[in-house]
Amino acid sequence: MLSLLIQLLQSLRSVKLELLATKLPLPILAESRRRKLQRFLSLPQLQLELLWFPIWQMWIAQRHPSSQRVYLALDRTQWQSINLLTVSWIKDGRAIPLYWTILPHLGSSNFKQQKSLLLKVLIELKAYDVVVLGDREFCSARLAQWLKRQRVYCALRLRCNEYIETQDGVWVQLNELGLAPGVALYFEGIKITKTHGFGGWTLAAYWCRHYRNRRAKEGWFVLTNLGSFNEAMSAYRQRMGIEQMFRDCKSGGYHLEATGLSGTRLMALLLLMTLAYGAATFEGKKLRQLHLDKYVARSKDAACAPLRHSHFYVGLYAYAWVNFEQSCQATVETLLALSPGKRLFYQRGKQAMALIRSML
């Protein structure tokens with residue numbers, strides 16, 4: 001049932017319960033399919049720790065030597081009355097969700113909730129140098145100090161109304177440091193915040209210069225214990241991958257915000273979506289390595305240009321491409337017969353399609 005639902009998610013690209021029940025390919029009554037799906041999502045075995053943790057642990061072990069840094073992004077998303085806090089692994093410009101938790105309230109999370117979420121993952125990554133990335137919601141004095149005690153690196157963005165104490169003993173508000181487009185600042189051994197002040201930290205600040213029609217509204221003030229300005233900026237830039245992940249899970253992929261579930265069933269559905277998201281991402285990367293992605297997505301304009309589509313996009317739409325061809329195979333064969341001069345190209349495409357189908 002788990003495998004069947006993951007395949008169904010890849011095909012429908014929606015986590016809406018009614019739609020899943022309608023398309024579930026079981027030879028039973030429509031109402032029976034809906035109740036069966038509800039009972040399945042209530043099973044206590046459907047937990048991220050039991051089913052998803054072993055998969056991402058193996059994947060990280062295969063792709064990261066123990067001495068290599070692993071970047072984790074902490075972020076939150078909400079819709080209607082649902083408020084989700086997640087920690088994700090940043091890889092290849094995208095985030096892979098490692099653990100989700102449902103907050104009992106709307107709005108920002110607190111230190112206790114952030115600590116509880118991170119502990120679930122950090123305990124499994126003791127062999128790695130971990131760097132935790134977070135935006136302004138997660139740059140609290142307590143979280144930064146706790147991460148330092150755990151021997152974890154971090155790059156957390158500060159609000160511009162925070163104060164720092166320089167080596168001269170002067171307290172200065174961040175928005176008074178003179179940061180402007182194209183300017184970079186770096187302070188070592190500073191103390192942060194007047195109320196809950198703590199020292200021994202580094203502040204890296206940068207405001208992207210204006211380029212043609214691209215204008216950054218404000219600069220970044222990044223609190224970090226990494227060794228240099230370039231390390232801090234390079235690390236924090238990777239946090240943007242989690243924004244892409246949220247888009248993939250919501251309107252750009254599985255339409256998570258359309259679900260009406262909550263509580264235990266919502267957590268089970270998040271597990272299904274995470275497994276489907278991971279599978280699509282893994283397969284998309286394999287297809288790229290085999291140079292089969294050109295059959296699924298548009299190629300980039302030049303060798304040095306960034307990729308047009310993510311591994312997730314390639315994997316998700318590869319599944320849709322090969323499975324739709326099966327449902328109308330007779331019509332496709334008739335259409336191909338009308339262009340005998342293109343037979344060689346069609347044969348190559350069929351071989352690619354068969355290889356992709358064997359991998360999914």
# chains A, B, ... in the order shown; residues from 1 in each chain; ligands from 1
call {"tool": "residues_around", "arguments": {"residues": "Trp220 of chain A", "least_positions_apart": "2", "cutoff": "9 Å", "atoms": "only C-alpha atoms", "output": "JSON list (two decimals) with N, CA and C atoms, in the first residue's frame"}}
result
[["chain", "number", "residue", "atom", "x", "y", "z"],
["A", 157, "ARG", "N", 21.01, 34.34, 10.19],
["A", 157, "ARG", "CA", 20.85, 35.73, 9.78],
["A", 157, "ARG", "C", 20.22, 36.55, 10.90],
["A", 158, "LEU", "N", 20.84, 37.68, 11.20],
["A", 158, "LEU", "CA", 20.37, 38.58, 12.25],
["A", 158, "LEU", "C", 19.39, 39.61, 11.70],
["A", 159, "ARG", "N", 18.49, 40.07, 12.56],
["A", 159, "ARG", "CA", 17.65, 41.21, 12.22],
["A", 159, "ARG", "C", 18.50, 42.48, 12.25],
["A", 160, "CYS", "N", 18.17, 43.43, 11.39],
["A", 160, "CYS", "CA", 19.01, 44.63, 11.28],
["A", 160, "CYS", "C", 18.88, 45.57, 12.48],
["A", 204, "ALA", "N", 29.40, 38.41, 9.65],
["A", 204, "ALA", "CA", 29.71, 38.62, 8.24],
["A", 204, "ALA", "C", 28.51, 39.30, 7.60],
["A", 205, "ALA", "N", 28.75, 40.43, 6.95],
["A", 205, "ALA", "CA", 27.65, 41.20, 6.35],
["A", 205, "ALA", "C", 27.96, 41.47, 4.88],
["A", 206, "TYR", "N", 26.91, 41.37, 4.06],
["A", 206, "TYR", "CA", 27.10, 41.64, 2.63],
["A", 206, "TYR", "C", 25.78, 42.06, 2.02],
["A", 207, "TRP", "N", 25.85, 43.03, 1.12],
["A", 207, "TRP", "CA", 24.69, 43.51, 0.37],
["A", 207, "TRP", "C", 25.05, 43.40, -1.11],
["A", 208, "CYS", "N", 24.32, 42.56, -1.83],
["A", 208, "CYS", "CA", 24.61, 42.36, -3.25],
["A", 208, "CYS", "C", 24.51, 43.68, -4.01],
["A", 218, "GLU", "N", 17.73, 44.45, 0.75],
["A", 218, "GLU", "CA", 18.52, 44.70, 1.95],
["A", 218, "GLU", "C", 19.70, 43.73, 1.98],
["A", 222, "VAL", "N", 25.02, 38.05, 9.00],
["A", 222, "VAL", "CA", 25.07, 36.62, 9.33],
["A", 222, "VAL", "C", 25.95, 36.40, 10.55],
["A", 233, "MET", "N", 29.38, 33.35, 3.97],
["A", 233, "MET", "CA", 28.48, 33.73, 2.89],
["A", 233, "MET", "C", 28.13, 32.54, 2.01]]
call {"tool": "residues_around", "arguments": {"residues": "Gly315 of chain A", "least_positions_apart": "4", "cutoff": "7 Å", "atoms": "only C-alpha atoms", "output": "ChimeraX atom specification"}}
result
/A:280-281,283-284,311,319
call {"tool": "write_last_selection", "arguments": {"atoms": "N, CA and C atoms", "output": "PDB file, in the first residue's frame"}}
result
ATOM      1  N   ALA A 280      11.873  10.958  -6.231  1.00  0.00           N
ATOM      2  CA  ALA A 280      11.962  11.752  -7.455  1.00  0.00           C
ATOM      3  C   ALA A 280      13.321  12.439  -7.566  1.00  0.00           C
ATOM      4  N   THR A 281      13.836  12.942  -6.437  1.00  0.00           N
ATOM      5  CA  THR A 281      15.126  13.625  -6.449  1.00  0.00           C
ATOM      6  C   THR A 281      16.261  12.651  -6.748  1.00  0.00           C
ATOM      7  N   GLU A 283      16.104   9.725  -8.315  1.00  0.00           N
ATOM      8  CA  GLU A 283      16.021   9.244  -9.691  1.00  0.00           C
ATOM      9  C   GLU A 283      16.389  10.332 -10.685  1.00  0.00           C
ATOM     10  N   GLY A 284      16.009  11.564 -10.387  1.00  0.00           N
ATOM     11  CA  GLY A 284      16.379  12.664 -11.277  1.00  0.00           C
ATOM     12  C   GLY A 284      17.880  12.826 -11.387  1.00  0.00           C
ATOM     13  N   HIS A 311      16.840  18.280  -9.925  1.00  0.00           N
ATOM     14  CA  HIS A 311      16.763  16.816  -9.978  1.00  0.00           C
ATOM     15  C   HIS A 311      15.335  16.357  -9.692  1.00  0.00           C
ATOM     16  N   TYR A 319       8.684  10.192 -14.542  1.00  0.00           N
ATOM     17  CA  TYR A 319       7.650   9.210 -14.190  1.00  0.00           C
ATOM     18  C   TYR A 319       6.378   9.474 -14.997  1.00  0.00           C
TER      19      TYR A 319
END
call {"tool": "atom_distance", "arguments": {"atom1": "atom CA of Leu122 of chain A", "atom2": "atom CA of Gly252 of chain A"}}
result
29.2 Å
call {"tool": "select_by_dssp", "arguments": {"residues": "segment 221-275 of chain A", "states": "strand (DSSP E or B)", "output": "PyMOL selection string"}}
result
chain A and resi 221-224
call {"tool": "write_last_selection", "arguments": {"atoms": "C-alpha atoms", "output": "PDB file, in the first residue's frame"}}
result
ATOM      1  CA  PHE A 221      23.937  40.182   8.586  1.00  0.00           C
ATOM      2  CA  VAL A 222      25.067  36.619   9.326  1.00  0.00           C
ATOM      3  CA  LEU A 223      26.078  35.484  12.802  1.00  0.00           C
ATOM      4  CA  THR A 224      28.521  32.593  12.495  1.00  0.00           C
TER       5      THR A 224
END
call {"tool": "residues_around", "arguments": {"residues": "segment 101-110 of chain A", "least_positions_apart": "4", "cutoff": "12 Å", "atoms": "only C-alpha atoms", "output": "ChimeraX atom specification"}}
result
/A:47-49,74-87,97,114-118,120,135-143,261-268,270-271
call {"tool": "select_by_dssp", "arguments": {"residues": "segment 106-218 of chain A", "states": "alpha helix (DSSP H)", "output": "JSON list (two decimals) with N, CA and C atoms, in the first residue's frame"}}
result
[["chain", "number", "residue", "atom", "x", "y", "z"],
["A", 111, "PHE", "N", 12.68, 28.52, 20.98],
["A", 111, "PHE", "CA", 13.94, 27.79, 21.13],
["A", 111, "PHE", "C", 13.69, 26.33, 21.50],
["A", 112, "LYS", "N", 12.75, 26.05, 22.38],
["A", 112, "LYS", "CA", 12.48, 24.68, 22.81],
["A", 112, "LYS", "C", 12.06, 23.82, 21.63],
["A", 113, "GLN", "N", 11.21, 24.33, 20.76],
["A", 113, "GLN", "CA", 10.75, 23.58, 19.59],
["A", 113, "GLN", "C", 11.89, 23.38, 18.59],
["A", 114, "GLN", "N", 12.70, 24.42, 18.39],
["A", 114, "GLN", "CA", 13.83, 24.31, 17.47],
["A", 114, "GLN", "C", 14.86, 23.31, 17.97],
["A", 115, "LYS", "N", 15.14, 23.33, 19.26],
["A", 115, "LYS", "CA", 16.10, 22.41, 19.85],
["A", 115, "LYS", "C", 15.62, 20.96, 19.73],
["A", 116, "SER", "N", 14.33, 20.73, 20.03],
["A", 116, "SER", "CA", 13.78, 19.38, 19.96],
["A", 116, "SER", "C", 13.86, 18.83, 18.54],
["A", 117, "LEU", "N", 13.56, 19.67, 17.55],
["A", 117, "LEU", "CA", 13.61, 19.24, 16.15],
["A", 117, "LEU", "C", 15.05, 18.91, 15.73],
["A", 118, "LEU", "N", 15.98, 19.79, 16.06],
["A", 118, "LEU", "CA", 17.37, 19.59, 15.65],
["A", 118, "LEU", "C", 18.00, 18.37, 16.30],
["A", 119, "LEU", "N", 17.64, 18.11, 17.55],
["A", 119, "LEU", "CA", 18.21, 16.95, 18.25],
["A", 119, "LEU", "C", 17.89, 15.64, 17.54],
["A", 120, "LYS", "N", 16.69, 15.57, 16.96],
["A", 120, "LYS", "CA", 16.29, 14.35, 16.24],
["A", 120, "LYS", "C", 17.26, 14.02, 15.12],
["A", 121, "VAL", "N", 17.81, 15.06, 14.49],
["A", 121, "VAL", "CA", 18.68, 14.87, 13.33],
["A", 121, "VAL", "C", 20.15, 14.88, 13.72],
["A", 122, "LEU", "N", 20.54, 15.79, 14.60],
["A", 122, "LEU", "CA", 21.95, 15.92, 14.95],
["A", 122, "LEU", "C", 22.50, 14.66, 15.60],
["A", 141, "ALA", "N", 19.78, 34.15, 20.67],
["A", 141, "ALA", "CA", 21.00, 33.95, 21.43],
["A", 141, "ALA", "C", 21.07, 32.55, 22.02],
["A", 142, "ARG", "N", 19.94, 32.04, 22.50],
["A", 142, "ARG", "CA", 19.93, 30.72, 23.12],
["A", 142, "ARG", "C", 20.23, 29.62, 22.10],
["A", 143, "LEU", "N", 19.66, 29.72, 20.90],
["A", 143, "LEU", "CA", 19.90, 28.70, 19.88],
["A", 143, "LEU", "C", 21.36, 28.72, 19.43],
["A", 144, "ALA", "N", 21.91, 29.91, 19.20],
["A", 144, "ALA", "CA", 23.30, 30.01, 18.76],
["A", 144, "ALA", "C", 24.26, 29.44, 19.81],
["A", 145, "GLN", "N", 24.03, 29.77, 21.07],
["A", 145, "GLN", "CA", 24.89, 29.25, 22.12],
["A", 145, "GLN", "C", 24.75, 27.74, 22.28],
["A", 146, "TRP", "N", 23.53, 27.25, 22.15],
["A", 146, "TRP", "CA", 23.32, 25.80, 22.26],
["A", 146, "TRP", "C", 24.01, 25.05, 21.13],
["A", 147, "LEU", "N", 23.94, 25.57, 19.91],
["A", 147, "LEU", "CA", 24.61, 24.94, 18.78],
["A", 147, "LEU", "C", 26.12, 24.92, 18.99],
["A", 148, "LYS", "N", 26.65, 26.00, 19.55],
["A", 148, "LYS", "CA", 28.09, 26.05, 19.81],
["A", 148, "LYS", "C", 28.50, 25.01, 20.83],
["A", 149, "ARG", "N", 27.67, 24.81, 21.86],
["A", 149, "ARG", "CA", 27.97, 23.79, 22.88],
["A", 149, "ARG", "C", 27.89, 22.38, 22.30]]
call {"tool": "atom_distance", "arguments": {"atom1": "atom CA of Val131 of chain A", "atom2": "atom CA of Tyr71 of chain A"}}
result
4.8 Å
call {"tool": "residues_around", "arguments": {"residues": "Ser14 of chain A", "least_positions_apart": "6", "cutoff": "12 Å", "atoms": "only C-alpha atoms", "output": "mmCIF file with N, CA and C atoms, in the first residue's frame"}}
result
data_model
loop_
_atom_site.group_PDB
_atom_site.id
_atom_site.type_symbol
_atom_site.label_atom_id
_atom_site.label_comp_id
_atom_site.auth_asym_id
_atom_site.auth_seq_id
_atom_site.Cartn_x
_atom_site.Cartn_y
_atom_site.Cartn_z
ATOM 1 N N LEU A 5 0.867 4.037 -2.979
ATOM 2 C CA LEU A 5 0.540 5.445 -2.756
ATOM 3 C C LEU A 5 1.666 6.367 -3.211
ATOM 4 N N ILE A 6 2.912 5.936 -3.051
ATOM 5 C CA ILE A 6 4.027 6.757 -3.533
ATOM 6 C C ILE A 6 3.966 6.891 -5.053
ATOM 7 N N GLN A 7 3.691 5.789 -5.741
ATOM 8 C CA GLN A 7 3.548 5.851 -7.197
ATOM 9 C C GLN A 7 2.372 6.733 -7.596
ATOM 10 N N LEU A 8 1.299 6.673 -6.817
ATOM 11 C CA LEU A 8 0.123 7.495 -7.104
ATOM 12 C C LEU A 8 0.435 8.977 -6.914
ATOM 13 N N LEU A 20 -6.681 11.331 -3.994
ATOM 14 C CA LEU A 20 -5.954 10.072 -3.877
ATOM 15 C C LEU A 20 -6.916 8.889 -3.805
ATOM 16 N N ALA A 21 -7.988 9.050 -3.028
ATOM 17 C CA ALA A 21 -8.975 7.977 -2.899
ATOM 18 C C ALA A 21 -9.683 7.720 -4.227
ATOM 19 N N THR A 22 -9.962 8.787 -4.983
ATOM 20 C CA THR A 22 -10.642 8.640 -6.271
ATOM 21 C C THR A 22 -9.788 7.871 -7.273
ATOM 22 N N LYS A 23 -8.478 8.134 -7.282
ATOM 23 C CA LYS A 23 -7.581 7.517 -8.259
ATOM 24 C C LYS A 23 -6.927 6.234 -7.766
ATOM 25 N N ASP A 248 8.415 23.113 -4.254
ATOM 26 C CA ASP A 248 8.200 21.787 -4.828
ATOM 27 C C ASP A 248 7.127 21.011 -4.074
ATOM 28 N N CYS A 249 7.099 21.150 -2.768
ATOM 29 C CA CYS A 249 6.117 20.415 -1.972
ATOM 30 C C CYS A 249 4.738 21.049 -2.044
ATOM 31 N N LYS A 250 4.674 22.320 -2.359
ATOM 32 C CA LYS A 250 3.379 23.005 -2.384
ATOM 33 C C LYS A 250 2.935 23.223 -3.840
ATOM 34 N N SER A 251 2.781 24.441 -4.263
ATOM 35 C CA SER A 251 2.163 24.709 -5.563
ATOM 36 C C SER A 251 2.996 24.215 -6.743
ATOM 37 N N GLY A 252 4.332 24.061 -6.567
ATOM 38 C CA GLY A 252 5.171 23.620 -7.674
ATOM 39 C C GLY A 252 5.325 22.122 -7.784
ATOM 40 N N GLY A 253 4.669 21.368 -6.887
ATOM 41 C CA GLY A 253 4.832 19.916 -6.923
ATOM 42 C C GLY A 253 3.606 19.175 -6.429
ATOM 43 N N TYR A 254 3.566 18.874 -5.111
ATOM 44 C CA TYR A 254 2.541 17.999 -4.566
ATOM 45 C C TYR A 254 1.326 18.735 -3.992
ATOM 46 N N HIS A 255 1.317 20.069 -4.046
ATOM 47 C CA HIS A 255 0.181 20.863 -3.580
ATOM 48 C C HIS A 255 -0.202 20.505 -2.138
ATOM 49 N N LEU A 256 0.781 20.580 -1.268
ATOM 50 C CA LEU A 256 0.587 20.225 0.133
ATOM 51 C C LEU A 256 -0.469 21.086 0.803
ATOM 52 N N GLU A 257 -0.554 22.357 0.418
ATOM 53 C CA GLU A 257 -1.506 23.260 1.066
ATOM 54 C C GLU A 257 -2.954 22.912 0.767
ATOM 55 N N ALA A 258 -3.204 21.996 -0.202
ATOM 56 C CA ALA A 258 -4.580 21.617 -0.557
ATOM 57 C C ALA A 258 -5.127 20.518 0.343
ATOM 58 N N THR A 259 -4.282 19.888 1.141
ATOM 59 C CA THR A 259 -4.768 18.812 1.993
ATOM 60 C C THR A 259 -5.591 19.357 3.153
ATOM 61 N N LEU A 269 0.866 11.564 6.000
ATOM 62 C CA LEU A 269 0.876 12.080 4.634
ATOM 63 C C LEU A 269 2.200 12.791 4.333
ATOM 64 N N LEU A 270 2.751 13.498 5.318
ATOM 65 C CA LEU A 270 4.059 14.129 5.138
ATOM 66 C C LEU A 270 5.134 13.084 4.892
ATOM 67 N N LEU A 272 4.624 10.123 3.402
ATOM 68 C CA LEU A 272 4.436 9.680 2.022
ATOM 69 C C LEU A 272 5.021 10.694 1.036
ATOM 70 N N MET A 273 4.736 11.988 1.285
ATOM 71 C CA MET A 273 5.230 13.019 0.383
ATOM 72 C C MET A 273 6.756 13.094 0.424
ATOM 73 N N ALA A 276 8.147 10.220 -1.548
ATOM 74 C CA ALA A 276 7.970 10.482 -2.977
ATOM 75 C C ALA A 276 8.949 11.558 -3.452
ATOM 76 N N TYR A 277 9.122 12.601 -2.645
ATOM 77 C CA TYR A 277 10.032 13.691 -3.002
ATOM 78 C C TYR A 277 11.476 13.182 -3.077
#
call {"tool": "residues_around", "arguments": {"residues": "His309 of chain A", "least_positions_apart": "4", "cutoff": "9 Å", "atoms": "only C-alpha atoms", "output": "list in words"}}
result
Ala297, Arg298, Ser299, Lys300, Tyr313 and Val314 of chain A
call {"tool": "closest_residue", "arguments": {"among": "A:Arg33, A:Lys91, A:Arg212, A:Arg69", "to": "Lys285 of chain A", "atoms": "only C-alpha atoms"}}
result
A:Lys91
call {"tool": "residues_around", "arguments": {"residues": "Thr193 of chain A", "least_positions_apart": "6", "cutoff": "10 Å", "atoms": "only C-alpha atoms", "output": "PyMOL selection string"}}
result
chain A and resi 140-141+161-165+171-173+199
call {"tool": "write_last_selection", "arguments": {"atoms": "N, CA and C atoms", "output": "mmCIF file, in the first residue's frame"}}
result
data_model
loop_
_atom_site.group_PDB
_atom_site.id
_atom_site.type_symbol
_atom_site.label_atom_id
_atom_site.label_comp_id
_atom_site.auth_asym_id
_atom_site.auth_seq_id
_atom_site.Cartn_x
_atom_site.Cartn_y
_atom_site.Cartn_z
ATOM 1 N N SER A 140 18.380 33.326 17.466
ATOM 2 C CA SER A 140 18.242 33.692 18.867
ATOM 3 C C SER A 140 19.543 33.399 19.601
ATOM 4 N N ALA A 141 19.777 34.146 20.667
ATOM 5 C CA ALA A 141 21.004 33.953 21.431
ATOM 6 C C ALA A 141 21.065 32.551 22.018
ATOM 7 N N ASN A 161 17.913 45.303 13.396
ATOM 8 C CA ASN A 161 17.779 46.152 14.582
ATOM 9 C C ASN A 161 18.530 45.588 15.793
ATOM 10 N N GLU A 162 19.294 44.494 15.596
ATOM 11 C CA GLU A 162 20.097 43.938 16.678
ATOM 12 C C GLU A 162 21.330 44.810 16.920
ATOM 13 N N TYR A 163 21.919 44.652 18.107
ATOM 14 C CA TYR A 163 23.112 45.411 18.473
ATOM 15 C C TYR A 163 24.314 44.475 18.592
ATOM 16 N N ILE A 164 25.487 44.984 18.250
ATOM 17 C CA ILE A 164 26.725 44.251 18.484
ATOM 18 C C ILE A 164 27.684 45.150 19.251
ATOM 19 N N GLU A 165 28.522 44.510 20.054
ATOM 20 C CA GLU A 165 29.574 45.244 20.767
ATOM 21 C C GLU A 165 30.901 44.917 20.108
ATOM 22 N N TRP A 171 28.590 49.748 21.596
ATOM 23 C CA TRP A 171 27.414 49.047 21.074
ATOM 24 C C TRP A 171 26.887 49.790 19.853
ATOM 25 N N VAL A 172 26.719 49.053 18.756
ATOM 26 C CA VAL A 172 26.270 49.650 17.492
ATOM 27 C C VAL A 172 25.129 48.808 16.934
ATOM 28 N N GLN A 173 24.074 49.492 16.476
ATOM 29 C CA GLN A 173 22.977 48.776 15.815
ATOM 30 C C GLN A 173 23.403 48.402 14.401
ATOM 31 N N GLY A 199 29.551 36.586 23.778
ATOM 32 C CA GLY A 199 30.664 36.986 22.939
ATOM 33 C C GLY A 199 31.342 35.827 22.235
#
call {"tool": "atom_distance", "arguments": {"atom1": "atom CA of Gln57 of chain A", "atom2": "atom CA of Lys126 of chain A"}}
result
11.5 Å
call {"tool": "residues_around", "arguments": {"residues": "Ile356 of chain A", "least_positions_apart": "4", "cutoff": "9 Å", "atoms": "only C-alpha atoms", "output": "PyMOL selection string"}}
result
chain A and resi 283+287+292+318-319+322+351-352+360
call {"tool": "closest_residue", "arguments": {"among": "A:Phe312, A:Tyr295, A:His210, A:Gly189", "to": "Arg348 of chain A", "atoms": "only C-alpha atoms"}}
result
A:Tyr295
call {"tool": "closest_residue", "arguments": {"among": "A:Glu231, A:Asp129, A:Glu31, A:Glu188", "to": "Gln150 of chain A", "atoms": "only C-alpha atoms"}}
result
A:Asp129
